[in-house]
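*Asks:* Have a look at this one before I ask anything.
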Amino acid sequence: MSGAEEAGGGGPAAGPAGAVPAGAGVGAGVGVGAGPGAAAGPAAAAALGEAAGPGLPDEAGLAGARQLQEAAGDPDAPPKKRLRAAEAAEAAAAAAAAGSGKLEERLYSVLCCTVCLDLPKASVYQCTNGHLMCAGCFIHLLADARLKEEQATCPNCRCEISKSLCCRNLAVEKAVSELPSECGFCLRQFPRSLLERHQKEECQDRVTQCKYKRIGCPWHGPFHELTVHEAACAHPTKTGNELMEILDEMDQSHRKEMQLYNSIFSLLSFEKIGYTEVQFRPYRTDDFITRLYYETPRFTVLNQTWVLKARVNDSERNPNLSCKRTLSFQLLLKSKVTAPLECSFLLLKGPYDDVKISPVIYHFVFTNESNETDYVPLPIVDSVECNKLLAAKNINLRLFLFQIQK
């Protein structure tokens, strides 16, 4: 026997015809591109990943991806091989996208509000056990508890919640702001922290109005069509008479706004003006079905003693079952007067509150027989602002009184 045969050097007698030496199978299967085994596409990539062993999963995956890319872009490869390689590359990309989507879905379920089951859009509060609530739901829970004369509790663990017991979770707020969210106009994905700016300023599909809307153009459409519309808009060519009609309508709406401000400015010129901070405190009626109402301690303005009362939804039986919530108030004169006392009054938000109240002036003539006004609406903007007031321990506002002297 020769030395080459003893060393097993791969001569003709080393094995049967057609056999492939161990250790060269992977190289042969990958390097030779014309055989049927090499055209297996995804099966070859999977076999490559398994052959790499459990110790090198990343290297095997990268090698398989490189082979698929090279096979798909090689002009000399057979057409079937290029097609299968392209399909395998698309499947790998889809699998990666599906994996990231599943991660986002898991984060949504972890970071969502326990009440509305949606991702918070602003502040995030947590109970003492760490359950998350968005700011709107947190305020709504506190307001409902105040209306039902109950202690507000966490919907998950039923521990007590209040503004003093719960705190904001800044880490969750930052994490939520980085999660992707879909633009409602162009359907593209953006981080939630950038989505609002994109929808207001950058999105080419956002709904916008014609710049001639002030003279009657009713057009609404996507931003990328705005230039074409304005170039063809017929409203700039309106006659003077048509424009005067539009300006008259605009003047009427502005006249109502200016009437309020002029009334306030005229009241500020009165001789006797008084204001004070008032604090509405919650109480319950003595009825069989108790109702929530608010009342202030007695206070002195314009050398007279006054009290303010307020009620929710005009003393509706179950205001906690209503989504629309309002507050109304009345002013009561507690001291005796020798002559009719004609006053104008209005309530505004206190110096340390963020509630939105529109100024409305009310008038009344106080006498010993008629010493309290009717209940008048507290001009808060919407039910959300009402819930903010109800969720607070007390309602702090500022009262202005103007004595009208004839």
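In the structure tokens, chains take the letters A, B, ... in the order shown, each chain's residues start at 1, and ligands count up from 1 in the order shown.
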What parts of region 339-388 of chain A does DSSP call strand (DSSP E or B)? I'd like the answer as a ChimeraX atom specification.
*Replies:* /A:341-349,357,362-366,372,376-377,380
*Asks:* Those same residues, written as a short mmCIF file (atom, residue, chain, number, x, y, z; two decimals), in the first residue's frame with all heavy atoms?
*Replies:*
```
data_model
loop_
_atom_site.label_atom_id
_atom_site.label_comp_id
_atom_site.auth_asym_id
_atom_site.auth_seq_id
_atom_site.Cartn_x
_atom_site.Cartn_y
_atom_site.Cartn_z
N LEU A 341 -79.78 96.75 46.27
CA LEU A 341 -78.36 96.73 45.92
C LEU A 341 -78.21 96.07 44.55
O LEU A 341 -78.37 94.85 44.41
CB LEU A 341 -77.58 95.95 46.98
CG LEU A 341 -76.07 95.83 46.79
CD1 LEU A 341 -75.40 97.19 46.83
CD2 LEU A 341 -75.47 94.90 47.84
N GLU A 342 -77.94 96.88 43.54
CA GLU A 342 -77.79 96.37 42.17
C GLU A 342 -76.31 96.07 41.92
O GLU A 342 -75.45 96.94 42.10
CB GLU A 342 -78.32 97.38 41.17
CG GLU A 342 -78.28 96.86 39.73
CD GLU A 342 -78.89 97.84 38.75
OE1 GLU A 342 -79.37 98.92 39.19
OE2 GLU A 342 -78.88 97.55 37.53
N CYS A 343 -76.05 94.85 41.50
CA CYS A 343 -74.65 94.42 41.31
C CYS A 343 -74.50 93.64 40.01
O CYS A 343 -75.44 93.02 39.52
CB CYS A 343 -74.20 93.53 42.46
SG CYS A 343 -74.04 94.38 44.04
N SER A 344 -73.30 93.69 39.49
CA SER A 344 -72.86 92.78 38.42
C SER A 344 -71.77 91.91 39.01
O SER A 344 -70.96 92.38 39.83
CB SER A 344 -72.33 93.57 37.23
OG SER A 344 -73.35 94.35 36.64
N PHE A 345 -71.72 90.64 38.62
CA PHE A 345 -70.72 89.73 39.18
C PHE A 345 -70.31 88.72 38.13
O PHE A 345 -71.07 88.42 37.19
CB PHE A 345 -71.25 89.03 40.44
CG PHE A 345 -72.49 88.21 40.21
CD1 PHE A 345 -72.40 86.83 39.97
CD2 PHE A 345 -73.75 88.79 40.26
CE1 PHE A 345 -73.53 86.07 39.77
CE2 PHE A 345 -74.90 88.02 40.05
CZ PHE A 345 -74.78 86.65 39.81
N LEU A 346 -69.13 88.18 38.29
CA LEU A 346 -68.63 87.11 37.43
C LEU A 346 -67.60 86.30 38.18
O LEU A 346 -66.94 86.80 39.09
CB LEU A 346 -68.04 87.65 36.13
CG LEU A 346 -66.67 88.35 36.15
CD1 LEU A 346 -66.03 88.26 34.79
CD2 LEU A 346 -66.81 89.81 36.56
N LEU A 347 -67.49 85.03 37.80
CA LEU A 347 -66.52 84.11 38.38
C LEU A 347 -65.45 83.80 37.35
O LEU A 347 -65.76 83.53 36.18
CB LEU A 347 -67.19 82.81 38.83
CG LEU A 347 -67.86 82.79 40.20
CD1 LEU A 347 -68.56 81.45 40.42
CD2 LEU A 347 -66.84 83.04 41.31
N LEU A 348 -64.20 83.80 37.79
CA LEU A 348 -63.07 83.43 36.95
C LEU A 348 -62.24 82.40 37.69
O LEU A 348 -62.42 82.18 38.89
CB LEU A 348 -62.21 84.65 36.60
CG LEU A 348 -62.89 85.76 35.78
CD1 LEU A 348 -61.94 86.93 35.61
CD2 LEU A 348 -63.35 85.24 34.44
N LYS A 349 -61.31 81.79 36.99
CA LYS A 349 -60.46 80.78 37.63
C LYS A 349 -59.53 81.44 38.64
O LYS A 349 -59.18 82.62 38.52
CB LYS A 349 -59.64 80.02 36.59
CG LYS A 349 -58.49 80.77 35.97
CD LYS A 349 -57.79 79.92 34.95
CE LYS A 349 -56.52 80.58 34.44
NZ LYS A 349 -55.46 80.66 35.47
N ILE A 357 -62.29 78.78 32.09
CA ILE A 357 -63.60 79.37 32.31
C ILE A 357 -63.73 80.59 31.41
O ILE A 357 -62.86 81.47 31.40
CB ILE A 357 -63.79 79.77 33.79
CG1 ILE A 357 -63.73 78.53 34.69
CG2 ILE A 357 -65.12 80.49 33.98
CD1 ILE A 357 -63.92 78.83 36.16
N TYR A 362 -73.08 88.52 35.00
CA TYR A 362 -74.47 88.37 35.43
C TYR A 362 -74.87 89.61 36.24
O TYR A 362 -74.03 90.22 36.93
CB TYR A 362 -74.65 87.11 36.27
CG TYR A 362 -74.32 85.83 35.54
CD1 TYR A 362 -73.10 85.18 35.74
CD2 TYR A 362 -75.22 85.28 34.63
CE1 TYR A 362 -72.80 84.01 35.07
CE2 TYR A 362 -74.92 84.10 33.94
CZ TYR A 362 -73.71 83.48 34.16
OH TYR A 362 -73.41 82.32 33.49
N HIS A 363 -76.16 89.96 36.18
CA HIS A 363 -76.68 91.13 36.88
C HIS A 363 -77.83 90.70 37.78
O HIS A 363 -78.61 89.82 37.43
CB HIS A 363 -77.18 92.18 35.87
CG HIS A 363 -76.14 92.63 34.88
ND1 HIS A 363 -75.27 93.68 35.13
CD2 HIS A 363 -75.83 92.17 33.65
CE1 HIS A 363 -74.48 93.83 34.09
NE2 HIS A 363 -74.79 92.93 33.17
N PHE A 364 -77.93 91.38 38.92
CA PHE A 364 -79.03 91.09 39.84
C PHE A 364 -79.20 92.27 40.81
O PHE A 364 -78.21 92.93 41.17
CB PHE A 364 -78.77 89.81 40.62
CG PHE A 364 -79.98 89.28 41.34
CD1 PHE A 364 -80.97 88.60 40.65
CD2 PHE A 364 -80.13 89.47 42.71
CE1 PHE A 364 -82.08 88.10 41.30
CE2 PHE A 364 -81.25 88.98 43.37
CZ PHE A 364 -82.23 88.30 42.67
N VAL A 365 -80.45 92.49 41.22
CA VAL A 365 -80.76 93.52 42.22
C VAL A 365 -81.14 92.81 43.51
O VAL A 365 -82.16 92.10 43.57
CB VAL A 365 -81.91 94.42 41.74
CG1 VAL A 365 -82.23 95.46 42.81
CG2 VAL A 365 -81.55 95.09 40.42
N PHE A 366 -80.33 92.98 44.55
CA PHE A 366 -80.53 92.31 45.82
C PHE A 366 -81.37 93.19 46.74
O PHE A 366 -81.12 94.40 46.90
CB PHE A 366 -79.19 92.00 46.49
CG PHE A 366 -78.36 90.99 45.76
CD1 PHE A 366 -77.43 91.39 44.82
CD2 PHE A 366 -78.52 89.63 46.00
CE1 PHE A 366 -76.66 90.46 44.15
CE2 PHE A 366 -77.76 88.69 45.33
CZ PHE A 366 -76.82 89.11 44.39
N GLU A 372 -81.20 86.18 46.90
CA GLU A 372 -80.38 85.16 46.24
C GLU A 372 -80.74 85.10 44.76
O GLU A 372 -81.90 85.21 44.37
CB GLU A 372 -80.58 83.79 46.90
CG GLU A 372 -82.00 83.28 46.89
CD GLU A 372 -82.14 81.96 47.63
OE1 GLU A 372 -81.46 81.77 48.67
OE2 GLU A 372 -82.94 81.11 47.16
N VAL A 376 -77.16 80.00 37.92
CA VAL A 376 -76.69 80.37 36.57
C VAL A 376 -75.52 79.47 36.22
O VAL A 376 -74.78 79.00 37.10
CB VAL A 376 -76.28 81.86 36.52
CG1 VAL A 376 -77.50 82.74 36.70
CG2 VAL A 376 -75.22 82.17 37.57
N PRO A 377 -75.33 79.19 34.95
CA PRO A 377 -74.25 78.27 34.57
C PRO A 377 -72.86 78.84 34.88
O PRO A 377 -72.59 80.02 34.68
CB PRO A 377 -74.43 78.10 33.05
CG PRO A 377 -75.82 78.57 32.77
CD PRO A 377 -76.12 79.61 33.79
N ILE A 380 -67.75 76.92 32.22
CA ILE A 380 -66.57 76.10 31.92
C ILE A 380 -66.68 75.58 30.50
O ILE A 380 -67.77 75.49 29.92
CB ILE A 380 -66.43 74.94 32.92
CG1 ILE A 380 -67.76 74.19 33.08
CG2 ILE A 380 -65.94 75.43 34.26
CD1 ILE A 380 -67.72 73.08 34.08
#
```
*Asks:* At a cut-off of 10 Å, using only C-alpha atoms, what residues contact region 133-150 of chain A? Leave out same-chain residues fewer than 5 positions from it and give the result as a PyMOL selection string.
*Replies:* chain A and resi 111-127+155+161-163+166+168-169+173+282-284+290-293+312+318-321+383-393
*Asks:* Looking at A:Ser322, A:Pro222, A:Ser358, A:Cys186, which one is nearest to Leu260 (chain A), with distances taken over only C-alpha atoms?
*Replies:*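 Smallest separation from Leu260 (chain A) among the options: A:Ser358.
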*Asks:* Excluding same-chain residues fewer than 3 positions from His198 (chain A), what lies within 12 Å of it counting only C-alpha atoms, as a list in words?
*Replies:*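 Selected residues are Ser181, Glu182, Cys183, Gly184, Phe185, Cys186, Leu187, Arg188, Gln189, Phe190, Pro191, Arg192, Ser193, Leu194, Leu195, Glu201, Glu202, Cys203, Gln204, Asp205 and Arg206 of chain A.
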*Asks:* Which residue gives the smallest distance to Asp248 (chain A) among A:Arg214, A:Ser328, A:Arg311, A:Val278, with only C-alpha atoms counted?
*Replies:* A:Arg214
*Asks:* Quick one: distance from CA of Gly350 (chain A) to CA of Asn396 (chain A) in Å, one decimal?
*Replies:*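 Straight-line distance from CA of Gly350 (chain A) to CA of Asn396 (chain A) works out to 5.7 Å.
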*Asks:* Just give me the gap between CA of Ser370 (chain A) and CA of Leu333 (chain A) in Å, one decimal is fine.
*Replies:*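 Taking CA of Ser370 (chain A) as the start and CA of Leu333 (chain A) as the end point, the length is 8.9 Å.
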*Asks:* In Å, with one decimal, what is the gap from CA of Trp219 (chain A) to CA of Ala231 (chain A)?
*Replies:*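 Going from CA of Trp219 (chain A) over to CA of Ala231 (chain A) covers 12.8 Å.
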